[in-house]
>>> print(open('upload39.pdb').read())   # PDB, N, CA and C atoms and all ligand atoms
ATOM      1  N   MET I 111     133.799  24.430  69.051  1.00  0.00           N
ATOM      2  CA  MET I 111     134.700  24.138  70.164  1.00  0.00           C
ATOM      3  C   MET I 111     134.241  24.875  71.411  1.00  0.00           C
ATOM      4  N   GLU I 112     134.274  24.153  72.517  1.00  0.00           N
ATOM      5  CA  GLU I 112     133.731  24.727  73.745  1.00  0.00           C
ATOM      6  C   GLU I 112     134.659  24.367  74.904  1.00  0.00           C
ATOM      7  N   GLU I 113     135.113  25.360  75.638  1.00  0.00           N
ATOM      8  CA  GLU I 113     135.963  25.049  76.783  1.00  0.00           C
ATOM      9  C   GLU I 113     135.128  24.447  77.908  1.00  0.00           C
ATOM     10  N   ILE I 114     135.692  23.456  78.595  1.00  0.00           N
ATOM     11  CA  ILE I 114     134.987  22.803  79.712  1.00  0.00           C
ATOM     12  C   ILE I 114     135.526  23.403  81.009  1.00  0.00           C
ATOM     13  N   LEU I 115     134.622  24.009  81.773  1.00  0.00           N
ATOM     14  CA  LEU I 115     135.056  24.785  82.935  1.00  0.00           C
ATOM     15  C   LEU I 115     134.602  24.221  84.266  1.00  0.00           C
ATOM     16  N   SER I 116     133.650  23.278  84.252  1.00  0.00           N
ATOM     17  CA  SER I 116     133.154  22.750  85.520  1.00  0.00           C
ATOM     18  C   SER I 116     133.106  21.228  85.475  1.00  0.00           C
ATOM     19  N   VAL I 117     133.167  20.627  86.657  1.00  0.00           N
ATOM     20  CA  VAL I 117     133.063  19.169  86.766  1.00  0.00           C
ATOM     21  C   VAL I 117     131.699  18.707  86.244  1.00  0.00           C
ATOM     22  N   GLU I 118     130.669  19.508  86.502  1.00  0.00           N
ATOM     23  CA  GLU I 118     129.324  19.153  86.038  1.00  0.00           C
ATOM     24  C   GLU I 118     129.289  19.047  84.511  1.00  0.00           C
ATOM     25  N   HIS I 119     129.877  20.022  83.857  1.00  0.00           N
ATOM     26  CA  HIS I 119     129.900  20.009  82.389  1.00  0.00           C
ATOM     27  C   HIS I 119     130.743  18.831  81.879  1.00  0.00           C
ATOM     28  N   PHE I 120     131.871  18.598  82.519  1.00  0.00           N
ATOM     29  CA  PHE I 120     132.742  17.474  82.152  1.00  0.00           C
ATOM     30  C   PHE I 120     131.963  16.158  82.260  1.00  0.00           C
ATOM     31  N   ASN I 121     131.279  15.954  83.380  1.00  0.00           N
ATOM     32  CA  ASN I 121     130.533  14.704  83.587  1.00  0.00           C
ATOM     33  C   ASN I 121     129.392  14.554  82.590  1.00  0.00           C
ATOM     34  N   GLU I 122     128.753  15.667  82.280  1.00  0.00           N
ATOM     35  CA  GLU I 122     127.648  15.646  81.311  1.00  0.00           C
ATOM     36  C   GLU I 122     128.151  15.169  79.940  1.00  0.00           C
ATOM     37  N   ILE I 123     129.315  15.672  79.525  1.00  0.00           N
ATOM     38  CA  ILE I 123     129.902  15.279  78.235  1.00  0.00           C
ATOM     39  C   ILE I 123     130.277  13.801  78.252  1.00  0.00           C
ATOM     40  N   LYS I 124     130.852  13.331  79.342  1.00  0.00           N
ATOM     41  CA  LYS I 124     131.221  11.920  79.458  1.00  0.00           C
ATOM     42  C   LYS I 124     129.971  11.032  79.408  1.00  0.00           C
ATOM     43  N   GLN I 125     128.899  11.493  80.053  1.00  0.00           N
ATOM     44  CA  GLN I 125     127.670  10.695  80.082  1.00  0.00           C
ATOM     45  C   GLN I 125     127.024  10.596  78.708  1.00  0.00           C
ATOM     46  N   LYS I 126     127.064  11.681  77.964  1.00  0.00           N
ATOM     47  CA  LYS I 126     126.514  11.647  76.602  1.00  0.00           C
ATOM     48  C   LYS I 126     127.335  10.711  75.721  1.00  0.00           C
ATOM     49  N   GLY I 127     128.639  10.707  75.922  1.00  0.00           N
ATOM     50  CA  GLY I 127     129.504   9.741  75.234  1.00  0.00           C
ATOM     51  C   GLY I 127     129.772  10.030  73.772  1.00  0.00           C
ATOM     52  N   ILE I 128     129.476  11.262  73.336  1.00  0.00           N
ATOM     53  CA  ILE I 128     129.646  11.608  71.916  1.00  0.00           C
ATOM     54  C   ILE I 128     130.636  12.765  71.784  1.00  0.00           C
ATOM     55  N   GLY I 129     131.527  12.654  70.802  1.00  0.00           N
ATOM     56  CA  GLY I 129     132.442  13.753  70.523  1.00  0.00           C
ATOM     57  C   GLY I 129     133.842  13.495  71.063  1.00  0.00           C
ATOM     58  N   TYR I 130     134.590  14.585  71.169  1.00  0.00           N
ATOM     59  CA  TYR I 130     136.007  14.470  71.499  1.00  0.00           C
ATOM     60  C   TYR I 130     136.400  15.527  72.518  1.00  0.00           C
ATOM     61  N   ILE I 131     137.453  15.214  73.278  1.00  0.00           N
ATOM     62  CA  ILE I 131     137.976  16.168  74.249  1.00  0.00           C
ATOM     63  C   ILE I 131     139.447  16.412  73.936  1.00  0.00           C
ATOM     64  N   ALA I 132     139.786  17.683  73.759  1.00  0.00           N
ATOM     65  CA  ALA I 132     141.172  18.085  73.517  1.00  0.00           C
ATOM     66  C   ALA I 132     141.724  18.667  74.808  1.00  0.00           C
ATOM     67  N   ILE I 133     142.898  18.184  75.197  1.00  0.00           N
ATOM     68  CA  ILE I 133     143.528  18.655  76.431  1.00  0.00           C
ATOM     69  C   ILE I 133     144.820  19.371  76.061  1.00  0.00           C
ATOM     70  N   THR I 134     144.868  20.650  76.389  1.00  0.00           N
ATOM     71  CA  THR I 134     146.086  21.408  76.100  1.00  0.00           C
ATOM     72  C   THR I 134     146.980  21.440  77.340  1.00  0.00           C
ATOM     73  N   ASP I 135     148.268  21.583  77.108  1.00  0.00           N
ATOM     74  CA  ASP I 135     149.221  21.689  78.215  1.00  0.00           C
ATOM     75  C   ASP I 135     150.406  22.490  77.719  1.00  0.00           C
ATOM     76  N   HIS I 136     150.771  23.532  78.467  1.00  0.00           N
ATOM     77  CA  HIS I 136     151.851  24.408  78.018  1.00  0.00           C
ATOM     78  C   HIS I 136     153.208  23.724  78.101  1.00  0.00           C
ATOM     79  N   ILE I 137     153.350  22.789  79.035  1.00  0.00           N
ATOM     80  CA  ILE I 137     154.664  22.203  79.305  1.00  0.00           C
ATOM     81  C   ILE I 137     154.927  20.956  78.466  1.00  0.00           C
ATOM     82  N   LEU I 138     153.952  20.077  78.354  1.00  0.00           N
ATOM     83  CA  LEU I 138     154.155  18.840  77.596  1.00  0.00           C
ATOM     84  C   LEU I 138     154.455  19.144  76.130  1.00  0.00           C
ATOM     85  N   PRO I 139     155.372  18.389  75.525  1.00  0.00           N
ATOM     86  CA  PRO I 139     155.720  18.639  74.116  1.00  0.00           C
ATOM     87  C   PRO I 139     154.593  18.265  73.146  1.00  0.00           C
ATOM     88  N   VAL I 140     153.744  17.338  73.571  1.00  0.00           N
ATOM     89  CA  VAL I 140     152.640  16.893  72.717  1.00  0.00           C
ATOM     90  C   VAL I 140     151.347  16.962  73.520  1.00  0.00           C
ATOM     91  N   ASN I 141     150.286  17.475  72.904  1.00  0.00           N
ATOM     92  CA  ASN I 141     148.968  17.467  73.520  1.00  0.00           C
ATOM     93  C   ASN I 141     148.096  16.465  72.772  1.00  0.00           C
ATOM     94  N   ARG I 142     147.052  15.958  73.440  1.00  0.00           N
ATOM     95  CA  ARG I 142     146.248  14.885  72.845  1.00  0.00           C
ATOM     96  C   ARG I 142     144.775  15.237  72.774  1.00  0.00           C
ATOM     97  N   VAL I 143     144.163  14.741  71.696  1.00  0.00           N
ATOM     98  CA  VAL I 143     142.702  14.804  71.592  1.00  0.00           C
ATOM     99  C   VAL I 143     142.189  13.370  71.676  1.00  0.00           C
ATOM    100  N   HIS I 144     141.099  13.193  72.432  1.00  0.00           N
ATOM    101  CA  HIS I 144     140.568  11.863  72.748  1.00  0.00           C
ATOM    102  C   HIS I 144     139.081  11.763  72.426  1.00  0.00           C
ATOM    103  N   GLU I 145     138.624  10.524  72.209  1.00  0.00           N
ATOM    104  CA  GLU I 145     137.190  10.281  72.276  1.00  0.00           C
ATOM    105  C   GLU I 145     136.770  10.550  73.713  1.00  0.00           C
ATOM    106  N   VAL I 146     135.544  11.061  73.891  1.00  0.00           N
ATOM    107  CA  VAL I 146     135.157  11.457  75.253  1.00  0.00           C
ATOM    108  C   VAL I 146     135.211  10.278  76.233  1.00  0.00           C
ATOM    109  N   LEU I 147     135.030   9.069  75.743  1.00  0.00           N
ATOM    110  CA  LEU I 147     134.997   7.921  76.650  1.00  0.00           C
ATOM    111  C   LEU I 147     136.368   7.310  76.904  1.00  0.00           C
ATOM    112  N   CYS I 148     137.414   7.863  76.338  1.00  0.00           N
ATOM    113  CA  CYS I 148     138.763   7.315  76.537  1.00  0.00           C
ATOM    114  C   CYS I 148     139.112   7.291  78.029  1.00  0.00           C
ATOM    115  N   GLY I 149     139.736   6.192  78.450  1.00  0.00           N
ATOM    116  CA  GLY I 149     140.142   6.048  79.846  1.00  0.00           C
ATOM    117  C   GLY I 149     141.179   7.073  80.282  1.00  0.00           C
ATOM    118  N   ASP I 150     141.870   7.679  79.327  1.00  0.00           N
ATOM    119  CA  ASP I 150     142.863   8.700  79.664  1.00  0.00           C
ATOM    120  C   ASP I 150     142.225  10.050  79.983  1.00  0.00           C
ATOM    121  N   VAL I 151     140.936  10.175  79.739  1.00  0.00           N
ATOM    122  CA  VAL I 151     140.231  11.425  80.047  1.00  0.00           C
ATOM    123  C   VAL I 151     139.460  11.214  81.346  1.00  0.00           C
ATOM    124  N   SER I 152     140.071  11.587  82.458  1.00  0.00           N
ATOM    125  CA  SER I 152     139.457  11.291  83.753  1.00  0.00           C
ATOM    126  C   SER I 152     139.076  12.569  84.485  1.00  0.00           C
ATOM    127  N   VAL I 153     138.047  12.433  85.312  1.00  0.00           N
ATOM    128  CA  VAL I 153     137.597  13.577  86.094  1.00  0.00           C
ATOM    129  C   VAL I 153     138.685  13.988  87.085  1.00  0.00           C
ATOM    130  N   LYS I 154     139.490  13.037  87.499  1.00  0.00           N
ATOM    131  CA  LYS I 154     140.581  13.330  88.437  1.00  0.00           C
ATOM    132  C   LYS I 154     141.590  14.302  87.802  1.00  0.00           C
ATOM    133  N   HIS I 155     142.000  13.997  86.572  1.00  0.00           N
ATOM    134  CA  HIS I 155     142.954  14.878  85.897  1.00  0.00           C
ATOM    135  C   HIS I 155     142.317  16.214  85.522  1.00  0.00           C
ATOM    136  N   PHE I 156     141.040  16.150  85.123  1.00  0.00           N
ATOM    137  CA  PHE I 156     140.318  17.392  84.815  1.00  0.00           C
ATOM    138  C   PHE I 156     140.297  18.297  86.043  1.00  0.00           C
ATOM    139  N   HIS I 157     139.950  17.717  87.170  1.00  0.00           N
ATOM    140  CA  HIS I 157     139.839  18.491  88.400  1.00  0.00           C
ATOM    141  C   HIS I 157     141.174  19.143  88.752  1.00  0.00           C
ATOM    142  N   LYS I 158     142.241  18.382  88.612  1.00  0.00           N
ATOM    143  CA  LYS I 158     143.558  18.904  88.955  1.00  0.00           C
ATOM    144  C   LYS I 158     143.950  20.089  88.055  1.00  0.00           C
ATOM    145  N   LYS I 159     143.763  19.912  86.753  1.00  0.00           N
ATOM    146  CA  LYS I 159     144.227  20.938  85.812  1.00  0.00           C
ATOM    147  C   LYS I 159     143.316  22.165  85.771  1.00  0.00           C
ATOM    148  N   VAL I 160     142.016  21.926  85.797  1.00  0.00           N
ATOM    149  CA  VAL I 160     141.075  23.037  85.578  1.00  0.00           C
ATOM    150  C   VAL I 160     140.632  23.689  86.891  1.00  0.00           C
ATOM    151  N   ILE I 161     140.326  22.890  87.891  1.00  0.00           N
ATOM    152  CA  ILE I 161     139.790  23.456  89.135  1.00  0.00           C
ATOM    153  C   ILE I 161     140.947  23.833  90.078  1.00  0.00           C
ATOM    154  N   GLU I 162     141.799  22.882  90.397  1.00  0.00           N
ATOM    155  CA  GLU I 162     142.858  23.152  91.376  1.00  0.00           C
ATOM    156  C   GLU I 162     143.915  24.123  90.840  1.00  0.00           C
ATOM    157  N   SER I 163     144.361  23.897  89.604  1.00  0.00           N
ATOM    158  CA  SER I 163     145.428  24.738  89.050  1.00  0.00           C
ATOM    159  C   SER I 163     144.892  25.956  88.304  1.00  0.00           C
ATOM    160  N   GLY I 164     143.567  26.076  88.222  1.00  0.00           N
ATOM    161  CA  GLY I 164     142.970  27.262  87.609  1.00  0.00           C
ATOM    162  C   GLY I 164     143.327  27.464  86.145  1.00  0.00           C
ATOM    163  N   ARG I 165     143.536  26.362  85.407  1.00  0.00           N
ATOM    164  CA  ARG I 165     143.782  26.382  83.960  1.00  0.00           C
ATOM    165  C   ARG I 165     145.078  27.081  83.566  1.00  0.00           C
ATOM    166  N   LYS I 166     145.977  27.290  84.521  1.00  0.00           N
ATOM    167  CA  LYS I 166     147.191  28.015  84.139  1.00  0.00           C
ATOM    168  C   LYS I 166     148.179  27.143  83.359  1.00  0.00           C
ATOM    169  N   ASN I 167     148.106  25.826  83.522  1.00  0.00           N
ATOM    170  CA  ASN I 167     149.008  24.941  82.763  1.00  0.00           C
ATOM    171  C   ASN I 167     148.368  24.364  81.507  1.00  0.00           C
ATOM    172  N   GLY I 168     147.059  24.502  81.386  1.00  0.00           N
ATOM    173  CA  GLY I 168     146.385  23.940  80.225  1.00  0.00           C
ATOM    174  C   GLY I 168     144.888  23.906  80.424  1.00  0.00           C
ATOM    175  N   LYS I 169     144.185  23.550  79.351  1.00  0.00           N
ATOM    176  CA  LYS I 169     142.726  23.615  79.358  1.00  0.00           C
ATOM    177  C   LYS I 169     142.116  22.387  78.701  1.00  0.00           C
ATOM    178  N   TYR I 170     140.800  22.218  78.924  1.00  0.00           N
ATOM    179  CA  TYR I 170     140.032  21.126  78.317  1.00  0.00           C
ATOM    180  C   TYR I 170     138.996  21.730  77.364  1.00  0.00           C
ATOM    181  N   TYR I 171     138.910  21.146  76.173  1.00  0.00           N
ATOM    182  CA  TYR I 171     137.926  21.619  75.195  1.00  0.00           C
ATOM    183  C   TYR I 171     137.111  20.450  74.668  1.00  0.00           C
ATOM    184  N   PHE I 172     135.812  20.680  74.526  1.00  0.00           N
ATOM    185  CA  PHE I 172     134.954  19.722  73.850  1.00  0.00           C
ATOM    186  C   PHE I 172     134.867  20.110  72.378  1.00  0.00           C
ATOM    187  N   VAL I 173     135.063  19.118  71.490  1.00  0.00           N
ATOM    188  CA  VAL I 173     134.920  19.372  70.058  1.00  0.00           C
ATOM    189  C   VAL I 173     134.073  18.267  69.439  1.00  0.00           C
ATOM    190  N   GLU I 174     133.266  18.641  68.466  1.00  0.00           N
ATOM    191  CA  GLU I 174     132.428  17.639  67.811  1.00  0.00           C
ATOM    192  C   GLU I 174     133.252  16.740  66.906  1.00  0.00           C
ATOM    193  N   ASP I 175     134.295  17.319  66.290  1.00  0.00           N
ATOM    194  CA  ASP I 175     135.156  16.537  65.413  1.00  0.00           C
ATOM    195  C   ASP I 175     136.601  16.788  65.820  1.00  0.00           C
ATOM    196  N   TYR I 176     137.376  15.731  65.934  1.00  0.00           N
ATOM    197  CA  TYR I 176     138.734  15.930  66.445  1.00  0.00           C
ATOM    198  C   TYR I 176     139.619  16.728  65.483  1.00  0.00           C
ATOM    199  N   PHE I 177     139.248  16.798  64.203  1.00  0.00           N
ATOM    200  CA  PHE I 177     140.021  17.605  63.253  1.00  0.00           C
ATOM    201  C   PHE I 177     140.063  19.076  63.670  1.00  0.00           C
ATOM    202  N   GLU I 178     138.983  19.519  64.296  1.00  0.00           N
ATOM    203  CA  GLU I 178     138.920  20.892  64.800  1.00  0.00           C
ATOM    204  C   GLU I 178     140.084  21.177  65.752  1.00  0.00           C
ATOM    205  N   ALA I 179     140.331  20.228  66.630  1.00  0.00           N
ATOM    206  CA  ALA I 179     141.397  20.395  67.622  1.00  0.00           C
ATOM    207  C   ALA I 179     142.776  20.306  66.958  1.00  0.00           C
ATOM    208  N   LEU I 180     142.911  19.403  65.991  1.00  0.00           N
ATOM    209  CA  LEU I 180     144.200  19.275  65.299  1.00  0.00           C
ATOM    210  C   LEU I 180     144.525  20.545  64.525  1.00  0.00           C
ATOM    211  N   ASP I 181     143.493  21.177  63.969  1.00  0.00           N
ATOM    212  CA  ASP I 181     143.675  22.425  63.217  1.00  0.00           C
ATOM    213  C   ASP I 181     144.060  23.588  64.124  1.00  0.00           C
ATOM    214  N   LYS I 182     143.425  23.648  65.278  1.00  0.00           N
ATOM    215  CA  LYS I 182     143.557  24.833  66.116  1.00  0.00           C
ATOM    216  C   LYS I 182     144.843  24.850  66.942  1.00  0.00           C
ATOM    217  N   PHE I 183     145.250  23.686  67.445  1.00  0.00           N
ATOM    218  CA  PHE I 183     146.404  23.643  68.360  1.00  0.00           C
ATOM    219  C   PHE I 183     147.582  22.950  67.688  1.00  0.00           C
ATOM    220  N   HIS I 184     148.717  23.643  67.607  1.00  0.00           N
ATOM    221  CA  HIS I 184     149.817  23.098  66.810  1.00  0.00           C
ATOM    222  C   HIS I 184     150.471  21.870  67.442  1.00  0.00           C
ATOM    223  N   LYS I 185     150.389  21.722  68.781  1.00  0.00           N
ATOM    224  CA  LYS I 185     151.000  20.551  69.428  1.00  0.00           C
ATOM    225  C   LYS I 185     150.041  19.364  69.537  1.00  0.00           C
ATOM    226  N   MET I 186     148.825  19.530  69.009  1.00  0.00           N
ATOM    227  CA  MET I 186     147.781  18.529  69.221  1.00  0.00           C
ATOM    228  C   MET I 186     147.969  17.315  68.313  1.00  0.00           C
ATOM    229  N   GLN I 187     147.854  16.128  68.921  1.00  0.00           N
ATOM    230  CA  GLN I 187     147.886  14.881  68.149  1.00  0.00           C
ATOM    231  C   GLN I 187     146.772  13.966  68.640  1.00  0.00           C
ATOM    232  N   ARG I 188     146.427  12.988  67.799  1.00  0.00           N
ATOM    233  CA  ARG I 188     145.411  12.019  68.205  1.00  0.00           C
ATOM    234  C   ARG I 188     145.963  11.110  69.284  1.00  0.00           C
ATOM    235  N   CYS I 189     145.131  10.750  70.258  1.00  0.00           N
ATOM    236  CA  CYS I 189     145.514   9.777  71.278  1.00  0.00           C
ATOM    237  C   CYS I 189     145.803   8.440  70.588  1.00  0.00           C
ATOM    238  N   SER I 190     146.904   7.801  70.986  1.00  0.00           N
ATOM    239  CA  SER I 190     147.257   6.543  70.333  1.00  0.00           C
ATOM    240  C   SER I 190     146.391   5.388  70.820  1.00  0.00           C
ATOM    241  N   LYS I 191     145.670   5.577  71.918  1.00  0.00           N
ATOM    242  CA  LYS I 191     144.799   4.504  72.425  1.00  0.00           C
ATOM    243  C   LYS I 191     143.404   4.549  71.804  1.00  0.00           C
ATOM    244  N   CYS I 192     142.770   5.720  71.813  1.00  0.00           N
ATOM    245  CA  CYS I 192     141.378   5.783  71.353  1.00  0.00           C
ATOM    246  C   CYS I 192     141.236   6.241  69.900  1.00  0.00           C
ATOM    247  N   LEU I 193     142.292   6.852  69.342  1.00  0.00           N
ATOM    248  CA  LEU I 193     142.232   7.313  67.947  1.00  0.00           C
ATOM    249  C   LEU I 193     143.493   6.881  67.193  1.00  0.00           C
ATOM    250  N   PRO I 194     143.774   5.571  67.180  1.00  0.00           N
ATOM    251  CA  PRO I 194     145.031   5.111  66.571  1.00  0.00           C
ATOM    252  C   PRO I 194     145.066   5.297  65.062  1.00  0.00           C
TER     253      PRO I 194
HETATM  254 ZN    ZN I 201     142.432   8.646  74.248  1.00  0.00          ZN
END
>>> encode(input="upload39.pdb", output="structure tokens", more="lines below")
Ligand SMILES: [Zn+2]
Amino acid sequence: MEEILSVEHFNEIKQKGIGYIAITDHILPVNRVHEVLCGDVSVKHFHKKVIESGRKNGKYYFVEDYFEALDKFHKMQRCSKCLP
């Protein structure tokens, strides 16, 4: 598991197109893990949460297998669009 801290790293992961992205959020009751290419994983939202808000409300993690994210974060669930 690797935290994504820059737009460059985020774009690199999206371009490779392999693996999963887990998005944590302290406020939302449910957090989601997605395939990296899921339309719900956008650079716009990444920028807002990680760069503008300085990760205080939540973070982005790259994981090779989404089970890793489900194990680690208790509120984490599979995205209903890309991992139904
Ligand atoms: Zn998704």
>>> closest_residue(input="upload39.pdb", among="I:Val173, I:Val160, I:Val153, I:Ile131", to="ligand ZN 201 (chain I)", atoms="only C-alpha atoms and all ligand atoms")
I:Ile131
>>> closest_residue(input="upload39.pdb", among="I:Gly127, I:Pro139, I:Pro194, I:Gly164", to="ligand ZN 201 (chain I)", atoms="only N, CA and C atoms and all ligand atoms")
I:Pro194
>>> resolve_selection(input="upload39.pdb", expression="the PyMOL selection byres (((chain I and resi 113) around 6) and not hetatm)", output="list in words")
Met111, Glu112, Ile114, Leu115, Tyr170, Tyr171 and Phe172 of chain I
>>> residues_near_ligand(input="upload39.pdb", ligand="ligand ZN 201 (chain I)", cutoff="5 Å", atoms="only N, CA and C atoms and all ligand atoms", output="PDB file with N, CA and C atoms, keeping the file's coordinate frame")
ATOM      1  N   HIS I 144     141.099  13.193  72.432  1.00  0.00           N
ATOM      2  CA  HIS I 144     140.568  11.863  72.748  1.00  0.00           C
ATOM      3  C   HIS I 144     139.081  11.763  72.426  1.00  0.00           C
ATOM      4  N   GLU I 145     138.624  10.524  72.209  1.00  0.00           N
ATOM      5  CA  GLU I 145     137.190  10.281  72.276  1.00  0.00           C
ATOM      6  C   GLU I 145     136.770  10.550  73.713  1.00  0.00           C
ATOM      7  N   CYS I 148     137.414   7.863  76.338  1.00  0.00           N
ATOM      8  CA  CYS I 148     138.763   7.315  76.537  1.00  0.00           C
ATOM      9  C   CYS I 148     139.112   7.291  78.029  1.00  0.00           C
ATOM     10  N   CYS I 189     145.131  10.750  70.258  1.00  0.00           N
ATOM     11  CA  CYS I 189     145.514   9.777  71.278  1.00  0.00           C
ATOM     12  C   CYS I 189     145.803   8.440  70.588  1.00  0.00           C
ATOM     13  N   LYS I 191     145.670   5.577  71.918  1.00  0.00           N
ATOM     14  CA  LYS I 191     144.799   4.504  72.425  1.00  0.00           C
ATOM     15  C   LYS I 191     143.404   4.549  71.804  1.00  0.00           C
ATOM     16  N   CYS I 192     142.770   5.720  71.813  1.00  0.00           N
ATOM     17  CA  CYS I 192     141.378   5.783  71.353  1.00  0.00           C
ATOM     18  C   CYS I 192     141.236   6.241  69.900  1.00  0.00           C
TER      19      CYS I 192
END
>>> atom_distance(input="upload39.pdb", atom1="atom CA of I:Val146", atom2="atom C of I:Phe120")
9.0 Å
>>> select_by_dssp(input="upload39.pdb", residues="chain I", states="alpha helix (DSSP H)", output="PyMOL selection string")
chain I and resi 117-126+153-156+176-182
>>> atom_distance(input="upload39.pdb", atom1="atom CA of I:Val151", atom2="atom CA of I:Tyr130")
10.0 Å
>>> select_by_dssp(input="upload39.pdb", residues="chain I", states="strand (DSSP E)", output="JSON, numbers by chain")
{"I": [112, 113, 130, 131, 132, 133, 141, 142, 143, 144, 145, 170, 171, 172, 173, 186, 187, 188]}
>>> residues_around(input="upload39.pdb", residues="stretch 181-188 of chain I", least_positions_apart="3", cutoff="7 Å", atoms="only C-alpha atoms", output="number ranges by chain")
I: 139-144, 177-178, 193
